Amino acid sequence: MTRYNPRESEPKWRARWAEADIDRAGDPDTPGQDNYYVLEMFPYPSGRIHVGHSRNYAMGDVVARYKRAKGYNVLHPMGWDAFGLPAENAARERGIHPRNWTLDNIKVMRAQLKRLGLALDWSREIATCEPDYYKHQQAIFLKFFEKGLVYRHKANVNWDPVDQTVLANEQVVDGRGWRSGAIVVKRDLDQWFFKITDYADSLLDGLDTLERWPEKVRVMQRNWIGRSRGARIIFPFVEPEDVQRFGTEGIEVFTTRPDTLFGASFLALAPDHDIVRTLGDEDPSIDAFADYCRRTGKTQEEIEKAPKRGVDLGVKVRHPFDKEWEIPVWAANFVLSTYGTGAIFGSPAGDQRDLDFARKYDLPVTPVVLPDGESPDNYQIDDTAYTGDGTIYNSRFLDGLNTHDAIEAATEKLESLKLGEGATTYRLRDWLVSRQRYWGCPIPIIHCPDCGAVPVRETELPVALPEDVSFDEPGNPLDRHDSWKSVDCPKCGTAAKRETDTLDTFVCSSWYFLRFTAPWREDIPFEADTAAQWLPVDQYVGGVEHAILHLLYARFFTRALHDCGLINLPDGEPFAGLFTQGMVTHETYKSTDGRWLLPTDVENRAGQKVEIATGNPVETGPIEKMSKSRKNVVDLDDFIEDFGADAVRWFVLSDSPPERDVEYTDGGVDGVWRFIQRVWALIENHPGHAPRPDLPVGDVGGEALDLRRAAHRALNDVSSGIEGFRFNTAVAHIHDFVNALRKLALDTNKPENLAARSEALGLLAQMLAPFMPHLAEEAWEQIGGEGMLAKRAWPEANKALLVENSVTIAVQVNGKRRDEINLAVGADKDVAETAALATEGAVRALEGLTVRKVIVVPGRIVNIVAT
RNA sequence: GCGGGUGUGGCGGAACUGGUAGACGCGCCAGACUCAAAAUCUGGUGUCCCUAGGACGUGUCGGUUCGAGUCCGACCACCCGCACCA
């Protein structure tokens with residue numbers, strides 16, 4: 001008996017697949033063949049791939065191989081999200097050009113991915129840092145520009161002081177830059193924006209159609225877009241001089257609760273509201289307050305703990321429904337300038353923040369919503385606001401209405417008074433896309449002193465990144481590159497300057513799945529018709545960390561591209577099915593002096609983990625997601641060298657459900673290795689007889705029939721496991737089947753036994769193929785299978801073999817299991833009842849009781865009810 | 001605070017529309033082979049009383065049902081996301 005040797009088999013089969021060119025996607029026009037687009041989020045070429053990364057690709061590959069076997073024309077491409085800051089950091093730290101660093105990494109990682117045996121169409125490989133990719137992106141940018149979807153605007157934006165660039169709102173987490181972790185500061189800068197807010201409604205409503213997306217991701221996007229319906233209301237100034245001073249008739253607020261207008265006791269403005277700024281110039285105490293608010297921390301706890309604070313601005317406004325009713329205007333630290341109009345009216349009885357504020361500064365609290373079951377005479381608000389529905393009172397013409405009707409009535413009244421209107425506000429802001437970095441896609445704009453921002457002529461594209469740049473001083477090298485920067489204005493010919501900002505790398509990833517549909521087209525980014533045939537991506541697989549970022553931007557892009565006439569995708573959804581996979585975790589290790597240690601630096605000596613180099617004991621830390629920074633990674637090449645690519649693939653798909661994390665353990669890996677060798681032992685010991693999956697049912701009986709049943713049941717379970725993205729249970733069913741094969745050692749001298757066993761082993765190879773393609777091919781060849789397994793159609797389970805002819809069912813007495821009976825399938829209820837009552841267990845349990853009723857569920861259970 | 005999710009053996013996890021809880025894997029125990037160990041193979045492995053057998057058992061409490069891990073109500077714990085969003 002020999003051992004299966006992946007080091008020999010795996011390269012052999014990869015060479016044969018490549019030779020046969022089996023992974024190339026067919027023409028999407030192919031008659032009689034449905035298209036299927038499966039895609040894993042493409043990687044950033046950061047260095048090397050570890051076992052943690054491989055899970056994502058393994059899942060996509062199971063789907064790709066399975067769908068191919070099911071007869072689909074599968075598109076399964078791979079590329080590189082190749083622009084980004086780490087390349088510039090490497091340049092700065094090690095003096096390597098970002099381009100070389102990136103291309104070297106791609107080379108290494110491509111070889112690693114190939115070693116995994118993924119059924120990828122490498123003929124479509126793209127890298128976003130190549131001019132033949134980003135020139136199309138520049139053309140798209142100009143289309144958006146033409147269409148009014150791009151604009152330049154001076155705004156108070158997020159500045160990451162470590163990465164030395166601005167960031168989009170989506171890229172600021174807890175007040176820190178998503179990549180650097182530095183605390184973000186606000187700066188007023190002229191920046192480029194994409195008008196994603198134009199699509200707020202479409203992006204929100206579209207979420208309801210994405211049935212094959214995780215609910216969690218949809219909810220996150222819904223919250224991020226944050227649509228609120230309500231009203232904008234103008235509170236006119238009391239003093240005519242205020243109208244002069246502030247240049248408006250009054251103060252505009254946004255509210256979702258115009259029904260509580262009669263509970264208004266103050267207006268509150270954001271500390272950086274224009275009116276507050278104007279007043280701050282005159283009044284030092286107001287300026288001091290605004291300054292205090294700016295300095296307050298931005299982290300969760302700080303915001304939560306920060307008490308409500310405000311300052312009376314000394315300005316008064318009139319109530320929109322009562323000219324005589326004057327309301328004081330305050331500045332308050334809890335009002336956000338970035339939401340709504342940066343101003344609110346405080347209705348303390350119905351809003352906790354307003355109530356806290358009113359109590360602190362002794363402002364009136366008038367309840368206007370009466371909860372059901374409360375009496376208006378003794379209902380009071382203490383320290384808890386009532387935010388629910390109820391009946392409006394203390395509110396003149398709104399009295400007696402329910403919350404919903406009162407909102408409508410109040411809004412109508414505001415509209416008739418021309419002091420307000422129904423309005424919708426979003427939390428979503430336009431996407432800030434300019435970055436003050438070198439290693440990104442140049443923005444194809446020229447700034448002319450006379451003509452302003454002028455698009456680069458399309459024939460001049462790409463605006464290529466200059467290669468001769470230096471990173472020895474901070475800032476953007478493009479900014480210092482005079483010969484690159486200096487150009488003539490395309491419109492008037494006067495001396496002008498190129499835009500030196502580059503595009504956010506999330507722009508690159510917003511359309512790469514379209515480029516994959518026709519990467520050979522140099523003249524256009526993609527063919528509208530071909531792209532529409534492949535899109536939407538049928539199955540997208542990636543990490544949940546992109547729930548808002550990439551997945552929202554891409555949904556915007558497909559909509560914008562449709563509106564620009566570049567693609568025909570009416571509903572605008574790029575990804576029909578989304579799966580967010582769990583991570584691979586691993587224990588962490590720290591040396592006595594606090595250094596993180598690689599698993600390969602650690603070994604077990606007498607039950608204790610020690611650092612190999614020093615022999616010192618190792619502190620075992622928590623189990624965390626594999627990451628370079630914690631060093632709890634297992635390098636893919638090391639693993640493949642030891643156990644083979646099939647073993648990694650099998651391991652990361654076993655045990656845990658795909659959406660949950662899976663822990664890497666040496667024990668688990670040993671189990672995989674054992675399993676592979678057991679499979680191989682079965683294959684090797686087979687006397688050799690070509691598989692015949694078309695064996696008629698009636699040909700065999702006895703144990704051979706049992707084996708056939710096990711095989712077809714496994715096939716059925718594995719198929720439905722793959723279809724339902726339950727790879728762990730599919731793996732378990734294969735295990736089960738292998739156990740059955742090992743147990744049912746049929747005498748293969750009998751032809752019917754040999755036939756049944758050949759069939760079973762053939763089916764085993766086919767079932768294994770999506771998971772462990774190399775081993776499966778080797779097995780298929782060994783047992784004399786015809787052709788290459790990768791080209792074979794997925795077998796259909798024989799329905800007749802899925803039904804048992806007898807079934808064991810439980811016998812319960814009063815709901816407790818007492819015995820079991822074996823019955824023919826389809827046996828009569830009376831037969832079941834009689835048999836159940838006669839069982840030893842039932843008789844014992846029924847002693848001294850009278851049978852009242854017998855419930856028979858055919859094929860499932862018999863329950864005897866007795867007292 | 002709001003939203004989403006998860007609670008099942010020593011561990012990861014199975015269980016289709018309510019019908020034999022614990023599939024499969026890891027670990028552990030025993031045995032075989034071996035001078036021995038590793039590897040491999042065989043058997044066992046929810047807890048308790050341990051005798052055929054029985055009692056208990058899916059986060060807690062209650063309900064519906066002949067029957068509940070699954071359905072309903074109330075809670076508890078943990079994880080993730082958002083967060084002064086008017």
# chains A, B, ... in the order shown; residues from 1 in each chain; ligands from 1
>>> residues_around(residues="B:C79", least_positions_apart="3", cutoff="12 Å", atoms="only C-alpha atoms (C1' of nucleotides)", output="list in words")
Arg660 and Asp661 of chain A; G4, G5, U6 and G7 of chain B
>>> write_last_selection(atoms="C-alpha atoms (C1' of nucleotides)", output="PDB file, in the first residue's frame")
ATOM      1  CA  ARG A 660     -18.821  31.418  11.091  1.00  0.00           C
ATOM      2  CA  ASP A 661     -15.185  31.435  12.065  1.00  0.00           C
TER       3      ASP A 661
ATOM      4  C1'   G B   4     -28.786  42.149  13.628  1.00  0.00           C
ATOM      5  C1'   G B   5     -27.165  37.464  15.341  1.00  0.00           C
ATOM      6  C1'   U B   6     -25.810  33.344  18.598  1.00  0.00           C
ATOM      7  C1'   G B   7     -26.650  30.122  23.081  1.00  0.00           C
TER       8        G B   7
END
>>> interface_residues(of="chain B", to="chain A", cutoff="9 Å", atoms="only C-alpha atoms (C1' of nucleotides)", output="number ranges by chain")
B: 3-5, 12-14, 19-20, 23-27, 66-67, 81-86
>>> residues_around(residues="B:C72", least_positions_apart="5", cutoff="12 Å", atoms="only C-alpha atoms (C1' of nucleotides)", output="list in words")
G62, G63, U64 and U65 of chain B
>>> residues_around(residues="B:U40", least_positions_apart="2", cutoff="12 Å", atoms="only C-alpha atoms (C1' of nucleotides)", output="NGL selection string")
(:A and (674 or 677-678 or 681)) or (:B and (32-34 or 38 or 42))
>>> write_last_selection(atoms="all heavy atoms", output="CSV table (one decimal), in the first residue's frame")
chain,number,residue,atom,x,y,z
A,674,ARG,N,-5.4,12.3,7.7
A,674,ARG,CA,-5.9,10.9,7.9
A,674,ARG,C,-7.0,10.6,6.9
A,674,ARG,O,-7.0,9.5,6.3
A,674,ARG,CB,-6.5,10.8,9.3
A,674,ARG,CG,-6.1,9.6,10.0
A,674,ARG,CD,-6.2,9.6,11.5
A,674,ARG,NE,-7.1,10.5,12.1
A,674,ARG,CZ,-6.6,11.3,13.2
A,674,ARG,NH1,-5.4,11.2,13.6
A,674,ARG,NH2,-7.4,12.1,13.8
A,677,GLN,N,-5.8,10.0,3.4
A,677,GLN,CA,-5.1,8.7,3.2
A,677,GLN,C,-6.1,7.5,3.2
A,677,GLN,O,-6.0,6.5,2.6
A,677,GLN,CB,-4.0,8.5,4.3
A,677,GLN,CG,-2.9,9.5,4.2
A,677,GLN,CD,-2.2,9.5,2.8
A,677,GLN,OE1,-2.3,8.6,2.0
A,677,GLN,NE2,-1.6,10.7,2.5
A,678,ARG,N,-7.2,7.7,4.0
A,678,ARG,CA,-8.2,6.7,4.0
A,678,ARG,C,-8.9,6.6,2.7
A,678,ARG,O,-9.3,5.5,2.2
A,678,ARG,CB,-9.3,7.0,5.1
A,678,ARG,CG,-8.9,6.6,6.5
A,678,ARG,CD,-10.0,7.0,7.4
A,678,ARG,NE,-9.5,6.9,8.8
A,678,ARG,CZ,-10.0,7.6,9.8
A,678,ARG,NH1,-11.1,8.3,9.6
A,678,ARG,NH2,-9.5,7.4,11.0
A,681,ALA,N,-6.6,4.9,0.4
A,681,ALA,CA,-6.6,3.4,0.6
A,681,ALA,C,-7.7,2.7,0.0
A,681,ALA,O,-7.6,1.6,-0.6
A,681,ALA,CB,-6.6,3.2,2.1
B,32,A,P,-4.3,-5.9,23.9
B,32,A,OP1,-4.0,-7.3,24.4
B,32,A,OP2,-3.4,-4.8,24.3
B,32,A,O5',-4.4,-5.9,22.3
B,32,A,C5',-5.1,-7.0,21.7
B,32,A,C4',-5.0,-6.8,20.2
B,32,A,O4',-5.6,-5.5,19.8
B,32,A,C3',-3.6,-6.7,19.6
B,32,A,O3',-3.1,-8.0,19.4
B,32,A,C2',-3.9,-5.9,18.3
B,32,A,O2',-4.4,-6.8,17.3
B,32,A,C1',-4.9,-4.9,18.7
B,32,A,N9,-4.4,-3.6,19.1
B,32,A,C8,-4.2,-3.1,20.3
B,32,A,N7,-3.6,-1.9,20.3
B,32,A,C5,-3.5,-1.6,19.0
B,32,A,C6,-3.0,-0.5,18.3
B,32,A,N6,-2.5,0.6,19.0
B,32,A,N1,-2.9,-0.5,17.0
B,32,A,C2,-3.4,-1.6,16.3
B,32,A,N3,-3.9,-2.7,16.9
B,32,A,C4,-3.9,-2.7,18.2
B,33,C,P,-1.6,-8.3,19.7
B,33,C,OP1,-1.4,-9.7,19.6
B,33,C,OP2,-1.3,-7.6,21.0
B,33,C,O5',-0.8,-7.5,18.6
B,33,C,C5',-1.0,-7.9,17.2
B,33,C,C4',-0.3,-6.9,16.3
B,33,C,O4',-1.0,-5.6,16.4
B,33,C,C3',1.1,-6.6,16.6
B,33,C,O3',2.0,-7.5,16.1
B,33,C,C2',1.3,-5.2,16.0
B,33,C,O2',1.5,-5.3,14.6
B,33,C,C1',-0.1,-4.6,16.2
B,33,C,N1,-0.1,-3.7,17.5
B,33,C,C2,0.3,-2.4,17.4
B,33,C,O2,0.7,-2.0,16.3
B,33,C,N3,0.3,-1.6,18.5
B,33,C,C4,-0.2,-2.1,19.6
B,33,C,N4,-0.2,-1.3,20.7
B,33,C,C5,-0.6,-3.5,19.7
B,33,C,C6,-0.6,-4.2,18.6
B,34,U,P,3.1,-8.2,17.0
B,34,U,OP1,3.9,-9.1,16.2
B,34,U,OP2,2.4,-8.6,18.3
B,34,U,O5',4.0,-6.9,17.4
B,34,U,C5',4.8,-6.3,16.4
B,34,U,C4',5.5,-5.1,17.0
B,34,U,O4',4.5,-4.1,17.4
B,34,U,C3',6.3,-5.3,18.3
B,34,U,O3',7.6,-5.8,18.0
B,34,U,C2',6.3,-3.9,18.9
B,34,U,O2',7.3,-3.1,18.2
B,34,U,C1',5.0,-3.3,18.5
B,34,U,N1,4.0,-3.4,19.6
B,34,U,C2,4.0,-2.3,20.5
B,34,U,O2,4.7,-1.3,20.3
B,34,U,N3,3.1,-2.4,21.5
B,34,U,C4,2.3,-3.4,21.8
B,34,U,O4,1.5,-3.3,22.8
B,34,U,C5,2.3,-4.5,20.9
B,34,U,C6,3.2,-4.5,19.8
B,38,A,P,2.5,6.4,21.3
B,38,A,OP1,1.7,7.5,22.0
B,38,A,OP2,1.9,5.1,21.2
B,38,A,O5',2.8,6.9,19.9
B,38,A,C5',3.3,8.3,19.7
B,38,A,C4',3.9,8.4,18.3
B,38,A,O4',4.9,7.4,18.0
B,38,A,C3',2.8,8.1,17.2
B,38,A,O3',2.0,9.3,16.9
B,38,A,C2',3.7,7.8,16.0
B,38,A,O2',4.3,8.9,15.4
B,38,A,C1',4.8,6.9,16.7
B,38,A,N9,4.5,5.5,16.6
B,38,A,C8,4.0,4.7,17.6
B,38,A,N7,3.8,3.5,17.3
B,38,A,C5,4.2,3.4,16.0
B,38,A,C6,4.3,2.4,15.1
B,38,A,N6,3.9,1.1,15.3
B,38,A,N1,4.8,2.7,13.8
B,38,A,C2,5.2,3.9,13.5
B,38,A,N3,5.1,5.0,14.3
B,38,A,C4,4.7,4.7,15.6
B,42,U,P,-11.1,0.5,11.6
B,42,U,OP1,-12.1,0.2,10.5
B,42,U,OP2,-10.9,1.9,12.0
B,42,U,O5',-11.4,-0.3,12.9
B,42,U,C5',-11.6,-1.7,12.8
B,42,U,C4',-11.9,-2.3,14.1
B,42,U,O4',-10.7,-2.2,14.9
B,42,U,C3',-12.9,-1.6,15.0
B,42,U,O3',-14.2,-1.9,14.7
B,42,U,C2',-12.5,-2.0,16.4
B,42,U,O2',-13.0,-3.3,16.7
B,42,U,C1',-11.0,-2.0,16.3
B,42,U,N1,-10.4,-0.7,16.7
B,42,U,C2,-10.2,-0.5,18.1
B,42,U,O2,-10.6,-1.3,18.9
B,42,U,N3,-9.7,0.7,18.4
B,42,U,C4,-9.3,1.7,17.6
B,42,U,O4,-8.8,2.7,18.1
B,42,U,C5,-9.4,1.4,16.2
B,42,U,C6,-10.0,0.2,15.8
>>> select_by_dssp(residues="stretch 518-720 of chain A", states="alpha helix (DSSP H)", output="PDB file with C-alpha atoms, in the first residue's frame")
ATOM      1  CA  ALA A 528     -22.224  46.798 -22.549  1.00  0.00           C
ATOM      2  CA  ASP A 529     -23.966  43.729 -23.961  1.00  0.00           C
ATOM      3  CA  THR A 530     -21.467  41.154 -22.754  1.00  0.00           C
ATOM      4  CA  ALA A 531     -21.370  42.702 -19.311  1.00  0.00           C
ATOM      5  CA  ALA A 532     -25.141  42.690 -19.114  1.00  0.00           C
ATOM      6  CA  GLN A 533     -25.162  39.010 -20.051  1.00  0.00           C
ATOM      7  CA  TRP A 534     -22.860  38.102 -17.197  1.00  0.00           C
ATOM      8  CA  LEU A 549     -17.699  50.448   1.920  1.00  0.00           C
ATOM      9  CA  HIS A 550     -17.108  48.452  -1.231  1.00  0.00           C
ATOM     10  CA  LEU A 551     -20.567  46.941  -1.454  1.00  0.00           C
ATOM     11  CA  LEU A 552     -22.285  50.312  -1.300  1.00  0.00           C
ATOM     12  CA  TYR A 553     -19.886  52.031  -3.685  1.00  0.00           C
ATOM     13  CA  ALA A 554     -20.226  49.245  -6.259  1.00  0.00           C
ATOM     14  CA  ARG A 555     -24.015  49.477  -6.110  1.00  0.00           C
ATOM     15  CA  PHE A 556     -23.717  53.190  -6.743  1.00  0.00           C
ATOM     16  CA  PHE A 557     -21.329  52.636  -9.642  1.00  0.00           C
ATOM     17  CA  THR A 558     -23.537  50.216 -11.547  1.00  0.00           C
ATOM     18  CA  ARG A 559     -26.430  52.664 -11.212  1.00  0.00           C
ATOM     19  CA  ALA A 560     -24.348  55.595 -12.372  1.00  0.00           C
ATOM     20  CA  LEU A 561     -22.908  53.583 -15.277  1.00  0.00           C
ATOM     21  CA  HIS A 562     -26.401  52.613 -16.322  1.00  0.00           C
ATOM     22  CA  ASP A 563     -27.496  56.245 -16.275  1.00  0.00           C
ATOM     23  CA  LEU A 636       0.014  28.787   2.526  1.00  0.00           C
ATOM     24  CA  ASP A 637       3.160  27.497   0.837  1.00  0.00           C
ATOM     25  CA  ASP A 638       4.348  25.831   4.046  1.00  0.00           C
ATOM     26  CA  PHE A 639       1.013  24.149   4.477  1.00  0.00           C
ATOM     27  CA  ILE A 640       0.834  22.984   0.876  1.00  0.00           C
ATOM     28  CA  GLU A 641       4.370  21.651   1.094  1.00  0.00           C
ATOM     29  CA  ASP A 642       3.379  19.535   4.108  1.00  0.00           C
ATOM     30  CA  PHE A 643      -0.168  18.467   3.329  1.00  0.00           C
ATOM     31  CA  ALA A 645      -3.631  22.199  -1.462  1.00  0.00           C
ATOM     32  CA  ASP A 646      -6.546  19.796  -1.147  1.00  0.00           C
ATOM     33  CA  ALA A 647      -5.918  19.557   2.576  1.00  0.00           C
ATOM     34  CA  VAL A 648      -6.136  23.346   3.046  1.00  0.00           C
ATOM     35  CA  ARG A 649      -9.290  23.526   1.026  1.00  0.00           C
ATOM     36  CA  TRP A 650     -10.900  20.629   2.893  1.00  0.00           C
ATOM     37  CA  PHE A 651      -9.800  21.967   6.247  1.00  0.00           C
ATOM     38  CA  VAL A 652     -11.166  25.494   5.868  1.00  0.00           C
ATOM     39  CA  LEU A 653     -14.517  24.151   4.688  1.00  0.00           C
ATOM     40  CA  ASP A 666      -2.950  20.944  14.344  1.00  0.00           C
ATOM     41  CA  GLY A 667      -5.359  18.220  15.421  1.00  0.00           C
ATOM     42  CA  GLY A 668      -7.827  19.277  12.782  1.00  0.00           C
ATOM     43  CA  VAL A 669      -5.136  19.228  10.122  1.00  0.00           C
ATOM     44  CA  ASP A 670      -4.070  15.725  11.209  1.00  0.00           C
ATOM     45  CA  GLY A 671      -7.677  14.649  10.809  1.00  0.00           C
ATOM     46  CA  VAL A 672      -7.735  15.963   7.249  1.00  0.00           C
ATOM     47  CA  TRP A 673      -4.516  14.140   6.415  1.00  0.00           C
ATOM     48  CA  ARG A 674      -5.912  10.928   7.891  1.00  0.00           C
ATOM     49  CA  PHE A 675      -9.057  11.311   5.849  1.00  0.00           C
ATOM     50  CA  ILE A 676      -7.144  11.838   2.612  1.00  0.00           C
ATOM     51  CA  GLN A 677      -5.130   8.687   3.215  1.00  0.00           C
ATOM     52  CA  ARG A 678      -8.246   6.687   4.045  1.00  0.00           C
ATOM     53  CA  VAL A 679      -9.839   7.755   0.806  1.00  0.00           C
ATOM     54  CA  TRP A 680      -6.697   6.825  -1.026  1.00  0.00           C
ATOM     55  CA  ALA A 681      -6.567   3.416   0.638  1.00  0.00           C
ATOM     56  CA  LEU A 682     -10.093   2.704  -0.605  1.00  0.00           C
ATOM     57  CA  ILE A 683      -9.175   3.758  -4.110  1.00  0.00           C
ATOM     58  CA  GLU A 684      -5.920   1.856  -4.187  1.00  0.00           C
ATOM     59  CA  ASN A 685      -7.395  -1.370  -2.918  1.00  0.00           C
ATOM     60  CA  GLY A 702     -27.885  -7.272  -0.017  1.00  0.00           C
ATOM     61  CA  GLU A 703     -24.831  -5.321   1.066  1.00  0.00           C
ATOM     62  CA  ALA A 704     -24.191  -4.167  -2.458  1.00  0.00           C
ATOM     63  CA  LEU A 705     -27.573  -2.504  -2.370  1.00  0.00           C
ATOM     64  CA  ASP A 706     -26.754  -0.944   0.990  1.00  0.00           C
ATOM     65  CA  LEU A 707     -23.609   0.512  -0.532  1.00  0.00           C
ATOM     66  CA  ARG A 708     -25.466   1.861  -3.511  1.00  0.00           C
ATOM     67  CA  ARG A 709     -28.016   3.445  -1.217  1.00  0.00           C
ATOM     68  CA  ALA A 710     -25.273   5.069   0.862  1.00  0.00           C
ATOM     69  CA  ALA A 711     -23.615   6.425  -2.270  1.00  0.00           C
ATOM     70  CA  HIS A 712     -26.725   7.967  -3.733  1.00  0.00           C
ATOM     71  CA  ARG A 713     -27.859   9.358  -0.433  1.00  0.00           C
ATOM     72  CA  ALA A 714     -24.442  10.962   0.039  1.00  0.00           C
ATOM     73  CA  LEU A 715     -24.578  12.381  -3.460  1.00  0.00           C
ATOM     74  CA  ASN A 716     -27.963  13.854  -2.743  1.00  0.00           C
ATOM     75  CA  ASP A 717     -26.855  15.356   0.569  1.00  0.00           C
ATOM     76  CA  VAL A 718     -23.608  16.727  -0.802  1.00  0.00           C
ATOM     77  CA  SER A 719     -25.395  18.375  -3.723  1.00  0.00           C
ATOM     78  CA  SER A 720     -27.926  20.093  -1.516  1.00  0.00           C
TER      79      SER A 720
END
>>> residues_around(residues="stretch 236-242 of chain A", least_positions_apart="2", cutoff="12 Å", atoms="only C-alpha atoms (C1' of nucleotides)", output="VMD selection string")
chain A and resid 233 to 234 244 to 253 267 275 278 to 279 313 to 329 417 to 420
>>> write_last_selection(atoms="C-alpha atoms", output="mmCIF file, in the first residue's frame")
data_model
loop_
_atom_site.group_PDB
_atom_site.id
_atom_site.type_symbol
_atom_site.label_atom_id
_atom_site.label_comp_id
_atom_site.auth_asym_id
_atom_site.auth_seq_id
_atom_site.Cartn_x
_atom_site.Cartn_y
_atom_site.Cartn_z
ATOM 1 C CA ILE A 233 -39.734 74.090 9.206
ATOM 2 C CA ILE A 234 -38.788 77.748 9.238
ATOM 3 C CA GLN A 244 -30.549 91.534 8.291
ATOM 4 C CA ARG A 245 -27.746 90.184 10.392
ATOM 5 C CA PHE A 246 -28.063 86.543 9.359
ATOM 6 C CA GLY A 247 -29.344 87.101 5.845
ATOM 7 C CA THR A 248 -32.317 84.752 6.235
ATOM 8 C CA GLU A 249 -35.938 85.109 7.276
ATOM 9 C CA GLY A 250 -35.582 82.608 10.020
ATOM 10 C CA ILE A 251 -33.980 79.408 11.170
ATOM 11 C CA GLU A 252 -34.691 76.209 9.299
ATOM 12 C CA VAL A 253 -34.893 72.957 11.231
ATOM 13 C CA LEU A 267 -34.366 75.873 19.196
ATOM 14 C CA ILE A 275 -25.547 81.729 12.951
ATOM 15 C CA THR A 278 -21.571 84.879 13.211
ATOM 16 C CA LEU A 279 -22.540 85.450 16.821
ATOM 17 C CA LEU A 313 -27.704 82.903 21.903
ATOM 18 C CA GLY A 314 -30.039 85.729 22.905
ATOM 19 C CA VAL A 315 -31.897 85.356 19.622
ATOM 20 C CA LYS A 316 -35.641 84.708 19.506
ATOM 21 C CA VAL A 317 -37.846 83.130 16.844
ATOM 22 C CA ARG A 318 -41.613 82.872 16.413
ATOM 23 C CA HIS A 319 -43.576 79.657 16.544
ATOM 24 C CA PRO A 320 -44.765 78.863 13.002
ATOM 25 C CA PHE A 321 -48.343 78.344 14.212
ATOM 26 C CA ASP A 322 -48.490 81.360 16.567
ATOM 27 C CA LYS A 323 -46.922 84.731 15.804
ATOM 28 C CA GLU A 324 -47.153 85.766 19.449
ATOM 29 C CA TRP A 325 -45.253 82.730 20.710
ATOM 30 C CA GLU A 326 -41.553 83.512 21.064
ATOM 31 C CA ILE A 327 -38.977 80.769 21.363
ATOM 32 C CA PRO A 328 -35.384 81.179 22.552
ATOM 33 C CA VAL A 329 -32.515 80.002 20.358
ATOM 34 C CA LEU A 417 -48.355 78.981 5.768
ATOM 35 C CA LYS A 418 -45.265 78.681 3.541
ATOM 36 C CA LEU A 419 -43.224 78.028 6.680
ATOM 37 C CA GLY A 420 -42.262 74.488 5.917
#
>>> closest_residue(among="A:Trp511, A:Phe727, A:Tyr438, A:Phe471", to="A:Arg94", atoms="only C-alpha atoms")
A:Phe471
>>> closest_residue(among="A:Lys67, A:Arg521, A:His153, A:Arg437", to="A:Asp34", atoms="only C-alpha atoms")
A:Lys67
>>> atom_distance(atom1="atom C1' of B:A21", atom2="atom CA of A:Thr834")
26.6 Å
>>> select_by_dssp(residues="stretch 618-746 of chain A", states="strand (DSSP E or B)", output="ChimeraX atom specification")
/A:619-625,635,662-663
>>> write_last_selection(atoms="N, CA, C and O atoms", output="short mmCIF file (atom, residue, chain, number, x, y, z; two decimals), in the first residue's frame")
data_model
loop_
_atom_site.label_atom_id
_atom_site.label_comp_id
_atom_site.auth_asym_id
_atom_site.auth_seq_id
_atom_site.Cartn_x
_atom_site.Cartn_y
_atom_site.Cartn_z
N GLU A 619 3.59 32.49 26.19
CA GLU A 619 2.27 32.85 26.69
C GLU A 619 1.26 32.66 25.56
O GLU A 619 1.41 33.25 24.49
N THR A 620 0.27 31.79 25.80
CA THR A 620 -0.74 31.54 24.78
C THR A 620 -1.86 32.55 24.92
O THR A 620 -2.49 32.63 25.97
N GLY A 621 -2.08 33.32 23.87
CA GLY A 621 -3.09 34.37 23.91
C GLY A 621 -4.41 33.90 23.35
O GLY A 621 -4.58 32.72 23.03
N PRO A 622 -5.35 34.81 23.23
CA PRO A 622 -6.68 34.45 22.73
C PRO A 622 -6.63 34.00 21.27
O PRO A 622 -5.70 34.31 20.53
N ILE A 623 -7.68 33.26 20.90
CA ILE A 623 -7.81 32.79 19.52
C ILE A 623 -8.36 33.94 18.69
O ILE A 623 -9.45 34.43 18.96
N GLU A 624 -7.60 34.36 17.69
CA GLU A 624 -8.03 35.50 16.90
C GLU A 624 -7.92 35.21 15.42
O GLU A 624 -7.23 34.27 15.01
N LYS A 625 -8.56 36.06 14.65
CA LYS A 625 -8.47 36.00 13.20
C LYS A 625 -7.00 36.02 12.79
O LYS A 625 -6.22 36.82 13.29
N ASP A 635 1.58 30.01 6.82
CA ASP A 635 1.83 30.35 5.42
C ASP A 635 1.28 29.26 4.51
O ASP A 635 1.41 28.07 4.77
N VAL A 662 -13.68 29.56 11.74
CA VAL A 662 -13.22 28.21 11.95
C VAL A 662 -11.82 28.30 12.58
O VAL A 662 -11.01 29.14 12.18
N GLU A 663 -11.59 27.49 13.60
CA GLU A 663 -10.30 27.58 14.27
C GLU A 663 -9.30 26.61 13.66
O GLU A 663 -9.59 25.42 13.50
#
>>> atom_distance(atom1="atom CA of A:Ala453", atom2="atom CA of A:Tyr134")
20.2 Å
